[in-house]
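Raw structure_3.pdb, PDB, C-alpha atoms:
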```
MODEL        1
ATOM      1  CA  MET A   1     119.688  90.875  92.566
ATOM      2  CA  SER A   2     116.431  91.597  90.849
ATOM      3  CA  LEU A   3     115.305  94.080  93.524
ATOM      4  CA  PHE A   4     117.610  96.705  92.052
ATOM      5  CA  GLY A   5     116.062  96.060  88.644
ATOM      6  CA  SER A   6     112.639  96.915  90.086
ATOM      7  CA  LEU A   7     114.006 100.312  91.079
ATOM      8  CA  SER A   8     114.824 101.113  87.455
ATOM      9  CA  VAL A   9     111.453  99.791  86.310
ATOM     10  CA  SER A  10     109.654 102.149  88.691
ATOM     11  CA  ALA A  11     111.989 104.984  87.741
ATOM     12  CA  SER A  12     111.066 104.486  84.074
ATOM     13  CA  GLY A  13     107.399 104.763  85.094
ATOM     14  CA  MET A  14     108.098 107.992  86.964
ATOM     15  CA  SER A  15     109.903 109.526  84.012
ATOM     16  CA  ALA A  16     107.142 108.506  81.584
ATOM     17  CA  GLN A  17     104.448 110.039  83.807
ATOM     18  CA  ARG A  18     106.548 113.172  84.174
ATOM     19  CA  THR A  19     106.819 113.500  80.379
ATOM     20  CA  ARG A  20     103.057 113.145  80.156
ATOM     21  CA  ALA A  21     102.507 115.784  82.849
ATOM     22  CA  GLU A  22     104.856 118.176  81.035
ATOM     23  CA  LEU A  23     102.831 117.901  77.822
ATOM     24  CA  LEU A  24      99.528 118.324  79.668
ATOM     25  CA  VAL A  25     100.807 121.436  81.411
ATOM     26  CA  GLU A  26     101.996 122.748  78.036
ATOM     27  CA  ASN A  27      98.479 122.188  76.672
ATOM     28  CA  LEU A  28      96.910 124.086  79.563
ATOM     29  CA  ALA A  29      99.364 126.963  79.235
ATOM     30  CA  ASN A  30      98.690 127.239  75.503
ATOM     31  CA  ALA A  31      94.922 126.864  75.654
ATOM     32  CA  GLU A  32      94.482 130.361  74.183
ATOM     33  CA  THR A  33      97.579 130.522  71.949
ATOM     34  CA  THR A  34      96.740 131.627  68.415
ATOM     35  CA  ARG A  35     100.274 131.977  67.061
ATOM     36  CA  THR A  36     102.910 129.243  66.744
ATOM     37  CA  PRO A  37     106.216 128.973  64.817
ATOM     38  CA  GLU A  38     104.488 126.481  62.493
ATOM     39  CA  GLY A  39     101.705 128.983  61.912
ATOM     40  CA  GLY A  40      98.108 128.750  63.048
ATOM     41  CA  PRO A  41      96.864 128.070  66.577
ATOM     42  CA  TYR A  42      98.553 125.752  69.074
ATOM     43  CA  ARG A  43      97.787 122.036  68.621
ATOM     44  CA  ARG A  44      97.054 119.788  71.595
ATOM     45  CA  LYS A  45      99.817 117.250  72.310
ATOM     46  CA  ASP A  46      99.657 113.919  74.072
ATOM     47  CA  VAL A  47     102.018 111.026  74.617
ATOM     48  CA  VAL A  48     101.768 107.292  73.860
ATOM     49  CA  PHE A  49     103.284 104.889  76.378
ATOM     50  CA  GLU A  50     105.040 101.747  75.284
ATOM     51  CA  GLU A  51     106.342  98.718  77.171
ATOM     52  CA  ASP A  52     110.146  98.852  77.357
ATOM     53  CA  PRO A  53     111.750  95.463  78.087
ATOM     54  CA  SER A  54     115.285  96.890  78.004
ATOM     55  CA  VAL A  55     114.852  98.641  81.375
ATOM     56  CA  GLY A  56     116.573  96.833  84.246
ATOM     57  CA  SER A  57     119.639  94.715  84.668
ATOM     58  CA  PHE A  58     121.478  92.422  82.295
ATOM     59  CA  SER A  59     119.723  89.339  83.615
ATOM     60  CA  SER A  60     116.345  90.892  82.936
ATOM     61  CA  GLU A  61     117.363  91.456  79.314
ATOM     62  CA  LEU A  62     118.358  87.833  79.124
ATOM     63  CA  THR A  63     115.014  86.649  80.443
ATOM     64  CA  SER A  64     113.091  89.117  78.321
ATOM     65  CA  ALA A  65     114.747  87.502  75.302
ATOM     66  CA  MET A  66     113.129  84.316  76.569
ATOM     67  CA  GLY A  67     109.808  86.073  76.538
ATOM     68  CA  SER A  68     108.939  86.400  80.206
ATOM     69  CA  SER A  69     110.100  89.269  82.318
ATOM     70  CA  ALA A  70     109.261  92.515  84.007
ATOM     71  CA  SER A  71     109.517  95.486  81.708
ATOM     72  CA  GLY A  72     109.640  99.209  82.201
ATOM     73  CA  VAL A  73     107.719 101.833  80.294
ATOM     74  CA  ALA A  74     108.791 104.502  77.853
ATOM     75  CA  ALA A  75     107.027 107.481  76.320
ATOM     76  CA  SER A  76     107.442 106.280  72.750
ATOM     77  CA  GLN A  77     105.642 108.891  70.708
ATOM     78  CA  THR A  78     104.208 112.383  70.970
ATOM     79  CA  ILE A  79     100.974 112.750  69.073
ATOM     80  CA  VAL A  80      99.648 116.083  67.876
ATOM     81  CA  ASP A  81      95.914 116.639  67.603
ATOM     82  CA  ASN A  82      95.398 117.933  64.043
ATOM     83  CA  SER A  83      91.637 118.279  64.211
ATOM     84  CA  GLU A  84      89.961 121.542  63.170
ATOM     85  CA  PRO A  85      90.540 124.402  65.641
ATOM     86  CA  TYR A  86      87.676 126.263  67.293
ATOM     87  CA  ARG A  87      86.627 129.408  65.476
ATOM     88  CA  ARG A  88      85.519 132.417  67.451
ATOM     89  CA  TYR A  89      84.133 135.628  65.986
ATOM     90  CA  MET A  90      86.546 138.377  67.121
ATOM     91  CA  PRO A  91      86.868 140.922  64.278
ATOM     92  CA  GLY A  92      89.277 143.205  66.170
ATOM     93  CA  HIS A  93      91.814 140.439  66.854
ATOM     94  CA  PRO A  94      95.149 140.698  64.958
ATOM     95  CA  ASP A  95      94.911 137.010  63.971
ATOM     96  CA  ALA A  96      91.356 137.250  62.650
ATOM     97  CA  ASP A  97      90.756 136.000  59.105
ATOM     98  CA  GLN A  98      88.823 137.820  56.326
ATOM     99  CA  GLU A  99      85.452 137.028  57.905
ATOM    100  CA  GLY A 100      86.574 138.107  61.388
ATOM    101  CA  TYR A 101      87.013 134.639  62.861
ATOM    102  CA  VAL A 102      90.023 133.669  65.007
ATOM    103  CA  ALA A 103      91.215 130.035  65.171
ATOM    104  CA  PHE A 104      91.709 128.921  68.789
ATOM    105  CA  PRO A 105      93.335 125.652  69.921
ATOM    106  CA  LYS A 106      90.945 122.755  70.359
ATOM    107  CA  ILE A 107      91.717 122.256  74.035
ATOM    108  CA  ASN A 108      89.288 121.330  76.769
ATOM    109  CA  PRO A 109      90.956 122.401  80.037
ATOM    110  CA  ALA A 110      88.794 119.987  82.051
ATOM    111  CA  GLU A 111      90.075 117.044  80.008
ATOM    112  CA  ASP A 112      93.692 118.097  80.515
ATOM    113  CA  MET A 113      93.178 118.632  84.237
ATOM    114  CA  VAL A 114      91.715 115.142  84.627
ATOM    115  CA  ASP A 115      94.610 113.632  82.648
ATOM    116  CA  LEU A 116      97.015 115.613  84.806
ATOM    117  CA  MET A 117      95.480 114.071  87.922
ATOM    118  CA  GLY A 118      95.938 110.666  86.317
ATOM    119  CA  ALA A 119      99.600 111.405  85.599
ATOM    120  CA  SER A 120     100.123 112.629  89.146
ATOM    121  CA  ARG A 121      98.498 109.514  90.657
ATOM    122  CA  GLY A 122     100.542 107.298  88.353
ATOM    123  CA  TYR A 123     103.690 109.051  89.506
ATOM    124  CA  GLU A 124     102.713 108.558  93.156
ATOM    125  CA  ALA A 125     102.070 104.856  92.569
ATOM    126  CA  ASN A 126     105.581 104.444  91.164
ATOM    127  CA  VAL A 127     107.029 106.306  94.136
ATOM    128  CA  ALA A 128     105.155 103.947  96.479
ATOM    129  CA  ALA A 129     106.604 100.963  94.617
ATOM    130  CA  ILE A 130     110.115 102.391  94.935
ATOM    131  CA  SER A 131     109.801 102.938  98.666
ATOM    132  CA  ALA A 132     108.442  99.405  99.185
ATOM    133  CA  VAL A 133     111.387  97.952  97.267
ATOM    134  CA  LYS A 134     113.813 100.214  99.123
ATOM    135  CA  ASP A 135     112.365  98.833 102.339
ATOM    136  CA  MET A 136     113.024  95.278 101.166
ATOM    137  CA  ILE A 137     116.633  96.091 100.218
ATOM    138  CA  GLN A 138     117.145  97.691 103.631
ATOM    139  CA  LYS A 139     115.754  94.556 105.309
ATOM    140  CA  SER A 140     118.249  92.409 103.390
ATOM    141  CA  LEU A 141     121.102  94.684 104.425
ATOM    142  CA  ASP A 142     119.979  94.406 108.055
ATOM    143  CA  LEU A 143     120.759  90.686 107.893
ATOM    144  CA  PHE A 144     124.436  91.604 108.095
ATOM    145  CA  ARG A 145     124.070  93.215 111.483
TER     146      ARG A 145
ATOM    147  CA  MET B   1     124.316  72.043 108.679
ATOM    148  CA  LEU B   2     126.092  75.169 107.545
ATOM    149  CA  GLU B   3     125.362  74.746 103.841
ATOM    150  CA  ASN B   4     121.672  74.196 104.503
ATOM    151  CA  ALA B   5     121.242  77.301 106.612
ATOM    152  CA  GLY B   6     118.695  79.581 105.046
ATOM    153  CA  THR B   7     118.531  78.064 101.553
ATOM    154  CA  GLY B   8     114.736  77.691 101.664
ATOM    155  CA  ILE B   9     114.406  81.226 102.938
ATOM    156  CA  GLU B  10     116.815  82.463 100.291
ATOM    157  CA  ARG B  11     114.665  80.844  97.590
ATOM    158  CA  TYR B  12     111.570  82.434  99.093
ATOM    159  CA  MET B  13     113.207  85.862  99.193
ATOM    160  CA  ASN B  14     114.309  85.511  95.569
ATOM    161  CA  LEU B  15     110.756  84.693  94.540
ATOM    162  CA  LEU B  16     109.437  87.661  96.513
ATOM    163  CA  SER B  17     111.838  90.055  94.826
ATOM    164  CA  ALA B  18     110.976  88.655  91.400
ATOM    165  CA  SER B  19     107.298  89.127  92.194
ATOM    166  CA  GLN B  20     107.950  92.649  93.464
ATOM    167  CA  LYS B  21     109.716  93.469  90.216
ATOM    168  CA  LEU B  22     106.665  92.374  88.239
ATOM    169  CA  VAL B  23     104.446  94.496  90.489
ATOM    170  CA  ALA B  24     106.715  97.490  89.811
ATOM    171  CA  SER B  25     106.475  96.742  86.096
ATOM    172  CA  ASN B  26     102.676  96.492  86.235
ATOM    173  CA  ILE B  27     102.452  99.811  88.085
ATOM    174  CA  ALA B  28     104.844 101.503  85.635
ATOM    175  CA  ASN B  29     102.710 100.266  82.737
ATOM    176  CA  VAL B  30      99.341 101.255  84.210
ATOM    177  CA  ASP B  31      98.710 103.620  81.272
ATOM    178  CA  THR B  32     100.361 101.585  78.500
ATOM    179  CA  PRO B  33      97.841 100.554  75.840
ATOM    180  CA  GLY B  34      97.626  96.795  75.356
ATOM    181  CA  TYR B  35      99.759  95.919  78.393
ATOM    182  CA  LYS B  36      98.719  92.769  80.315
ATOM    183  CA  ALA B  37      99.419  92.440  84.047
ATOM    184  CA  LYS B  38     102.010  89.784  84.943
ATOM    185  CA  ASP B  39     102.796  87.843  88.085
ATOM    186  CA  ILE B  40     104.538  84.644  89.137
ATOM    187  CA  ASP B  41     102.821  81.503  90.389
ATOM    188  CA  PHE B  42     104.223  81.136  93.914
ATOM    189  CA  GLN B  43     102.954  77.628  94.583
ATOM    190  CA  SER B  44     104.448  76.031  91.486
ATOM    191  CA  GLU B  45     107.665  78.066  91.708
ATOM    192  CA  LEU B  46     108.277  77.040  95.328
ATOM    193  CA  ALA B  47     107.579  73.416  94.468
ATOM    194  CA  SER B  48     109.789  73.580  91.382
ATOM    195  CA  GLN B  49     112.997  71.559  91.484
ATOM    196  CA  PHE B  50     114.799  73.914  89.131
ATOM    197  CA  ASP B  51     115.384  76.578  91.709
ATOM    198  CA  ASN B  52     118.309  78.123  89.828
ATOM    199  CA  LEU B  53     116.141  79.205  86.938
ATOM    200  CA  ALA B  54     114.545  82.630  86.934
ATOM    201  CA  PRO B  55     110.873  82.305  87.895
ATOM    202  CA  ALA B  56     108.485  82.384  84.949
ATOM    203  CA  ALA B  57     106.212  85.405  84.632
ATOM    204  CA  LYS B  58     102.621  84.610  83.754
ATOM    205  CA  GLU B  59      99.811  86.849  82.646
ATOM    206  CA  VAL B  60      97.227  87.271  85.372
ATOM    207  CA  THR B  61      93.819  85.851  84.498
ATOM    208  CA  GLY B  62      90.434  87.157  85.561
ATOM    209  CA  LEU B  63      91.216  90.857  85.372
ATOM    210  CA  LYS B  64      88.924  93.315  83.650
ATOM    211  CA  THR B  65      90.406  94.649  80.407
ATOM    212  CA  LYS B  66      89.957  98.367  79.809
ATOM    213  CA  ASN B  67      89.123  99.945  76.459
ATOM    214  CA  ASP B  68      92.788 100.410  75.531
ATOM    215  CA  GLY B  69      93.523  96.691  76.010
ATOM    216  CA  ASN B  70      95.290  97.267  79.338
ATOM    217  CA  ASN B  71      94.211  95.118  82.298
ATOM    218  CA  VAL B  72      96.291  96.441  85.225
ATOM    219  CA  ASP B  73      94.186  96.662  88.381
ATOM    220  CA  MET B  74      95.805  99.300  90.602
ATOM    221  CA  ASP B  75      94.142  97.982  93.785
ATOM    222  CA  ARG B  76      95.480  94.512  93.156
ATOM    223  CA  GLU B  77      98.984  95.867  92.528
ATOM    224  CA  ALA B  78      98.867  97.979  95.696
ATOM    225  CA  ARG B  79      97.890  94.888  97.685
ATOM    226  CA  ARG B  80     100.651  92.797  96.109
ATOM    227  CA  LEU B  81     103.175  95.550  96.803
ATOM    228  CA  ALA B  82     102.315  95.658 100.508
ATOM    229  CA  GLU B  83     102.002  91.879 100.772
ATOM    230  CA  ASN B  84     105.407  91.195  99.184
ATOM    231  CA  SER B  85     107.017  93.782 101.407
ATOM    232  CA  LEU B  86     105.544  92.237 104.579
ATOM    233  CA  ARG B  87     106.379  88.690 103.524
ATOM    234  CA  PHE B  88     109.931  89.808 102.826
ATOM    235  CA  ALA B  89     110.164  91.296 106.326
ATOM    236  CA  VAL B  90     108.995  87.975 107.783
ATOM    237  CA  ALA B  91     111.555  86.079 105.692
ATOM    238  CA  THR B  92     114.448  88.321 106.737
ATOM    239  CA  ASN B  93     113.475  87.939 110.390
ATOM    240  CA  LEU B  94     113.430  84.163 109.986
ATOM    241  CA  ALA B  95     116.807  84.241 108.275
ATOM    242  CA  ARG B  96     118.183  86.440 111.005
ATOM    243  CA  SER B  97     117.078  84.081 113.773
ATOM    244  CA  GLU B  98     118.534  81.147 111.870
ATOM    245  CA  LEU B  99     121.837  83.000 111.593
ATOM    246  CA  ALA B 100     121.674  83.850 115.287
ATOM    247  CA  THR B 101     121.275  80.137 116.115
ATOM    248  CA  LEU B 102     124.266  79.341 113.958
ATOM    249  CA  ARG B 103     126.313  82.071 115.573
ATOM    250  CA  SER B 104     125.521  80.917 119.077
ATOM    251  CA  ALA B 105     126.481  77.371 118.102
ATOM    252  CA  ILE B 106     129.846  78.714 116.944
ATOM    253  CA  GLU B 107     130.469  80.978 119.879
ATOM    254  CA  GLU B 108     129.477  78.504 122.603
ATOM    255  CA  GLY B 109     132.104  76.155 121.248
ATOM    256  CA  LYS B 110     134.892  78.637 121.862
ATOM    257  CA  THR B 111     137.112  77.977 124.801
ATOM    258  CA  SER B 112     138.055  81.204 126.492
TER     259      SER B 112
ENDMDL
END
```
As structure tokens:
Amino acid sequence: MSLFGSLSVSASGMSAQRTRAELLVENLANAETTRTPEGGPYRRKDVVFEEDPSVGSFSSELTSAMGSSASGVAASQTIVDNSEPYRRYMPGHPDADQEGYVAFPKINPAEDMVDLMGASRGYEANVAAISAVKDMIQKSLDLFR
Amino acid sequence: MLENAGTGIERYMNLLSASQKLVASNIANVDTPGYKAKDIDFQSELASQFDNLAPAAKEVTGLKTKNDGNNVDMDREARRLAENSLRFAVATNLARSELATLRSAIEEGKTS
């Protein structure tokens, strides 16, 4: 029954949004981090979503081979923002360079907060879809009574 | 009579669950670059003679495409989600009353 497939589709959406939220929270937490294992300041990370036709039941894979089906979503790639970091003049800082400038991560907290709201709303939308489908499955089960 | 009980409703419920799956997929892909919203054409699927085949998913026309090539309209998907759920409730109630008719036909025939 394809209703159970919709549950896994929505679940894939929830997990993708959760991955995105995790990275955004990491960005916010590291907005002032000047030291990383790779050296230099922290770099902003973000995720790229990709359609994932393999999510769902066997029959959905069969129909997706025919080119028309519902597909889930997957966080396919993490991208790192390699643009130039901000430079602030702080001569007393341990990570200051010869001229007294410290490289800070190029992170705009407002941007990350707005993206975080988007991730949270996206998560909620998937939860709403799951509960609607759950309702439909329950209605079908009630036919046996 | 028995073999015809509820086949139309069953077909309708199958279409509704297929449509609901596409809605779930559209919602899951709301932030996927380049994704196009999909849905099934209820009228032509209900009229179709090949009711064993999986319904064909079609890209929805007339939606505004965002800068990343994605055209999922969250309001439309929310409406479809609620609509499918309500229609499914109607269909199960119809099926239930049909089954109740059948059951009473069976039970009235019993001699106690």
With the PyMOL selection byres ((chain A and resi 28) around 9) as the selection, what would be picked from this file? Answer as a PyMOL selection string, please. chain A and resi 23-27+29-32+107-109+112-113
I need the chain B residues near chain A as a PyMOL selection string; criterion: at most 10 Å, counting all atoms listed in the file. chain B and resi 13-35+37-40+53-59+74+77-78+81-82+84-93+95-97+99
Write the residues of the selection above to a file with C-alpha atoms, as a tab-separated table (two decimals), in the coordinates of the input.
```tsv
chain	number	residue	atom	x	y	z
B	13	MET	CA	113.21	85.86	99.19
B	14	ASN	CA	114.31	85.51	95.57
B	15	LEU	CA	110.76	84.69	94.54
B	16	LEU	CA	109.44	87.66	96.51
B	17	SER	CA	111.84	90.06	94.83
B	18	ALA	CA	110.98	88.66	91.40
B	19	SER	CA	107.30	89.13	92.19
B	20	GLN	CA	107.95	92.65	93.46
B	21	LYS	CA	109.72	93.47	90.22
B	22	LEU	CA	106.66	92.37	88.24
B	23	VAL	CA	104.45	94.50	90.49
B	24	ALA	CA	106.72	97.49	89.81
B	25	SER	CA	106.48	96.74	86.10
B	26	ASN	CA	102.68	96.49	86.24
B	27	ILE	CA	102.45	99.81	88.08
B	28	ALA	CA	104.84	101.50	85.64
B	29	ASN	CA	102.71	100.27	82.74
B	30	VAL	CA	99.34	101.26	84.21
B	31	ASP	CA	98.71	103.62	81.27
B	32	THR	CA	100.36	101.58	78.50
B	33	PRO	CA	97.84	100.55	75.84
B	34	GLY	CA	97.63	96.80	75.36
B	35	TYR	CA	99.76	95.92	78.39
B	37	ALA	CA	99.42	92.44	84.05
B	38	LYS	CA	102.01	89.78	84.94
B	39	ASP	CA	102.80	87.84	88.08
B	40	ILE	CA	104.54	84.64	89.14
B	53	LEU	CA	116.14	79.20	86.94
B	54	ALA	CA	114.54	82.63	86.93
B	55	PRO	CA	110.87	82.30	87.90
B	56	ALA	CA	108.48	82.38	84.95
B	57	ALA	CA	106.21	85.40	84.63
B	58	LYS	CA	102.62	84.61	83.75
B	59	GLU	CA	99.81	86.85	82.65
B	74	MET	CA	95.80	99.30	90.60
B	77	GLU	CA	98.98	95.87	92.53
B	78	ALA	CA	98.87	97.98	95.70
B	81	LEU	CA	103.18	95.55	96.80
B	82	ALA	CA	102.32	95.66	100.51
B	84	ASN	CA	105.41	91.20	99.18
B	85	SER	CA	107.02	93.78	101.41
B	86	LEU	CA	105.54	92.24	104.58
B	87	ARG	CA	106.38	88.69	103.52
B	88	PHE	CA	109.93	89.81	102.83
B	89	ALA	CA	110.16	91.30	106.33
B	90	VAL	CA	109.00	87.98	107.78
B	91	ALA	CA	111.56	86.08	105.69
B	92	THR	CA	114.45	88.32	106.74
B	93	ASN	CA	113.48	87.94	110.39
B	95	ALA	CA	116.81	84.24	108.28
B	96	ARG	CA	118.18	86.44	111.00
B	97	SER	CA	117.08	84.08	113.77
B	99	LEU	CA	121.84	83.00	111.59
```
Starting from the shown file, work through the PyMOL selection byres ((chain A and resi 87) around 12) and note down what comes out as a PyMOL selection string. chain A and resi 32+34+40-41+84-86+88-91+95-97+99-106
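Between CA of Arg121 (chain A) and CA of Glu83 (chain B) lies a distance of 20.6 Å.
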Once you add 4 Å to each side, what are the centre and edge lengths of the axis-aligned box holding all listed atoms of region 133-141 of chain A? One decimal in Å, as AutoDock Vina command-line options, if you can.
```
--center_x 116.2 --center_y 96.3 --center_z 101.3 --size_x 17.7 --size_y 15.8 --size_z 16.0
```
Any idea what the distance is between CA of Val60 (chain B) and CA of Lys36 (chain B)? 7.6 Å
What is the distance between CA of Gln77 (chain A) and CA of Ala21 (chain A), in Å to one decimal?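 Between these atoms lies a distance of 14.3 Å.
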Quick one: region 37-51 of chain A from the block, N, CA, C and O atoms, as a PDB file, in the first residue's frame.
```pdb
ATOM      1  N   PRO A  37      40.887  22.591  13.664  1.00  0.00           N
ATOM      2  CA  PRO A  37      41.926  21.585  13.390  1.00  0.00           C
ATOM      3  C   PRO A  37      42.582  21.802  12.037  1.00  0.00           C
ATOM      4  O   PRO A  37      43.772  21.491  11.860  1.00  0.00           O
ATOM      5  N   GLU A  38      41.838  22.338  11.060  1.00  0.00           N
ATOM      6  CA  GLU A  38      42.421  22.561   9.729  1.00  0.00           C
ATOM      7  C   GLU A  38      43.261  23.831   9.699  1.00  0.00           C
ATOM      8  O   GLU A  38      43.903  24.130   8.680  1.00  0.00           O
ATOM      9  N   GLY A  39      43.216  24.591  10.790  1.00  0.00           N
ATOM     10  CA  GLY A  39      43.924  25.857  10.832  1.00  0.00           C
ATOM     11  C   GLY A  39      43.049  26.982  10.331  1.00  0.00           C
ATOM     12  O   GLY A  39      42.175  26.765   9.490  1.00  0.00           O
ATOM     13  N   GLY A  40      43.261  28.186  10.852  1.00  0.00           N
ATOM     14  CA  GLY A  40      42.465  29.319  10.422  1.00  0.00           C
ATOM     15  C   GLY A  40      41.111  29.351  11.111  1.00  0.00           C
ATOM     16  O   GLY A  40      40.799  28.493  11.940  1.00  0.00           O
ATOM     17  N   PRO A  41      40.293  30.348  10.788  1.00  0.00           N
ATOM     18  CA  PRO A  41      38.989  30.472  11.449  1.00  0.00           C
ATOM     19  C   PRO A  41      38.003  29.419  10.932  1.00  0.00           C
ATOM     20  O   PRO A  41      38.256  28.777   9.924  1.00  0.00           O
ATOM     21  N   TYR A  42      36.906  29.271  11.656  1.00  0.00           N
ATOM     22  CA  TYR A  42      35.843  28.344  11.260  1.00  0.00           C
ATOM     23  C   TYR A  42      35.232  28.805   9.936  1.00  0.00           C
ATOM     24  O   TYR A  42      35.117  30.002   9.676  1.00  0.00           O
ATOM     25  N   ARG A  43      34.862  27.828   9.098  1.00  0.00           N
ATOM     26  CA  ARG A  43      34.216  28.147   7.809  1.00  0.00           C
ATOM     27  C   ARG A  43      32.744  27.772   7.871  1.00  0.00           C
ATOM     28  O   ARG A  43      32.409  26.683   8.328  1.00  0.00           O
ATOM     29  N   ARG A  44      31.895  28.658   7.362  1.00  0.00           N
ATOM     30  CA  ARG A  44      30.450  28.397   7.377  1.00  0.00           C
ATOM     31  C   ARG A  44      30.124  27.173   6.523  1.00  0.00           C
ATOM     32  O   ARG A  44      30.665  27.011   5.432  1.00  0.00           O
ATOM     33  N   LYS A  45      29.217  26.310   7.060  1.00  0.00           N
ATOM     34  CA  LYS A  45      28.813  25.115   6.311  1.00  0.00           C
ATOM     35  C   LYS A  45      27.336  25.190   5.969  1.00  0.00           C
ATOM     36  O   LYS A  45      26.542  25.785   6.706  1.00  0.00           O
ATOM     37  N   ASP A  46      26.986  24.607   4.855  1.00  0.00           N
ATOM     38  CA  ASP A  46      25.570  24.501   4.484  1.00  0.00           C
ATOM     39  C   ASP A  46      25.385  23.195   3.728  1.00  0.00           C
ATOM     40  O   ASP A  46      26.357  22.542   3.350  1.00  0.00           O
ATOM     41  N   VAL A  47      24.137  22.816   3.529  1.00  0.00           N
ATOM     42  CA  VAL A  47      23.851  21.515   2.946  1.00  0.00           C
ATOM     43  C   VAL A  47      23.086  21.704   1.630  1.00  0.00           C
ATOM     44  O   VAL A  47      22.378  22.703   1.469  1.00  0.00           O
ATOM     45  N   VAL A  48      23.285  20.781   0.689  1.00  0.00           N
ATOM     46  CA  VAL A  48      22.527  20.803  -0.564  1.00  0.00           C
ATOM     47  C   VAL A  48      21.569  19.621  -0.564  1.00  0.00           C
ATOM     48  O   VAL A  48      21.992  18.487  -0.326  1.00  0.00           O
ATOM     49  N   PHE A  49      20.291  19.896  -0.800  1.00  0.00           N
ATOM     50  CA  PHE A  49      19.301  18.823  -0.850  1.00  0.00           C
ATOM     51  C   PHE A  49      19.214  18.268  -2.260  1.00  0.00           C
ATOM     52  O   PHE A  49      19.411  18.990  -3.235  1.00  0.00           O
ATOM     53  N   GLU A  50      18.894  16.960  -2.310  1.00  0.00           N
ATOM     54  CA  GLU A  50      18.778  16.305  -3.597  1.00  0.00           C
ATOM     55  C   GLU A  50      17.588  15.354  -3.552  1.00  0.00           C
ATOM     56  O   GLU A  50      17.334  14.720  -2.526  1.00  0.00           O
ATOM     57  N   GLU A  51      16.865  15.271  -4.666  1.00  0.00           N
ATOM     58  CA  GLU A  51      15.739  14.355  -4.777  1.00  0.00           C
ATOM     59  C   GLU A  51      16.270  12.926  -4.674  1.00  0.00           C
ATOM     60  O   GLU A  51      17.285  12.612  -5.281  1.00  0.00           O
TER      61      GLU A  51
END
```
